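Okay, structure first, notes after.
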Amino acid sequence: MLKRLAAGLFAGAALTAVALPASAAVDNDLPIRWNTGGAVWSTDQAAINTFLKTGAITDRGLASGISRSGWTANEIRTGFNKTYSVDLVGVSRFLYSDAGVKFLKNQTRSYFPYWTLSTYAVQGLRSAIIADARDGQISSAGILAALPTDFRLADTCNTYDGKQNVCAEGKCVGEAQCTSLLSWYVFLPACIQANQVADAAAVIRTTSAPAPVQEPVRGLW
């Protein structure tokens with residue numbers, strides 16, 4: 001039953017990505033388009049992959065983003081590559097709940113699909129998270145690579161300020177770590193893992209089971 005439900009949820013996420021307007025239905029070759037004022041610099045997936053695999057920074061937008069992230073390049077690379085175990089159904093339950101939709105809206109304050117801005121921001125980010133979670137593991141790198149369309153970080157004068165709401169309150173230090181895009185990505189998978197909704201039946205079984213009998217601690221020799 002759970003496998004069928006998980007398959008259905010994943011299919012739904014895929015359909016959501018397909019349902020984006022034709023202007024947004026492009027391959028995700030440009031997962032970060034840095035939009036400052038009237039200028040746009042696009043960082044392609046190949047440059048990100050190179051950085052995550054080797055540590056080499058071959059893109060000026062990525063270099064600038066790292067320098068303004070509040071972390072060192074090595075810390076960003078480590079954070080992006082770190083994986084978190086999740087349950088696909090539990091993640092989907094959260095992201096489709098009222099609390100999950102509110103979370104996704106908050107998390108796409110300045111980072112959203114390039115062509116449609118905030119109109120399909122919730123659907124776009126949600127589909128990427130669910131797509132990455134289908135194997136029971138999520139990571140910053142995996143979510144970014146699964147975005148269904150180009151996403152922009154918008155800093156456009158009085159409309160968007162280019163700041164992201166990093167989800168791990170109390171964990172980030174300083175404005176850069178608490179508002180930058182790359183820092184936001186570093187914290188995102190852990191927040192999803194923490195908020196996934198457990199199977200109610202499993203919770204009942206766990207809480208109703210008798211507590212194990214404590215045995216004396218024995219030495220190792």
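Chain lettering (A, B, ...) mirrors the order of the structure tokens, residue numbering begins at 1 for each chain separately, and ligand numbering begins at 1 in order of display.
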Mind running range 107-147 of chain A against range 45-61 of chain A at 10 Å and telling me each contacting residue's nearest atom pair with the distance in Å (one decimal), counting only C-alpha atoms, chain and number ascending, as JSON lines?
```
{"residue": "A:Ala141", "atom": "CA", "partner": "A:Leu52", "partner_atom": "CA", "distance": 8.1}
{"residue": "A:Leu144", "atom": "CA", "partner": "A:Gln45", "partner_atom": "CA", "distance": 8.8}
{"residue": "A:Ala145", "atom": "CA", "partner": "A:Gln45", "partner_atom": "CA", "distance": 7.3}
```
Next, the residues of the selection above should be written as a PDB file, in the first residue's frame with C-alpha atoms.
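The resulting result-v2.pdb:
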```
ATOM      1  CA  ALA A 141      22.927  18.984  -4.482  1.00  0.00           C
ATOM      2  CA  LEU A 144      19.099  21.689  -6.895  1.00  0.00           C
ATOM      3  CA  ALA A 145      19.714  19.203  -9.716  1.00  0.00           C
TER       4      ALA A 145
END
```
Go through range 4-196 of chain A and collect every residue that DSSP, computed from the backbone, puts in alpha helix (DSSP H); the answer should be as a ChimeraX atom specification. /A:4-18,45-54,60-67,73-81,88-96,98-107,121-133,140-145,174-179,181-195
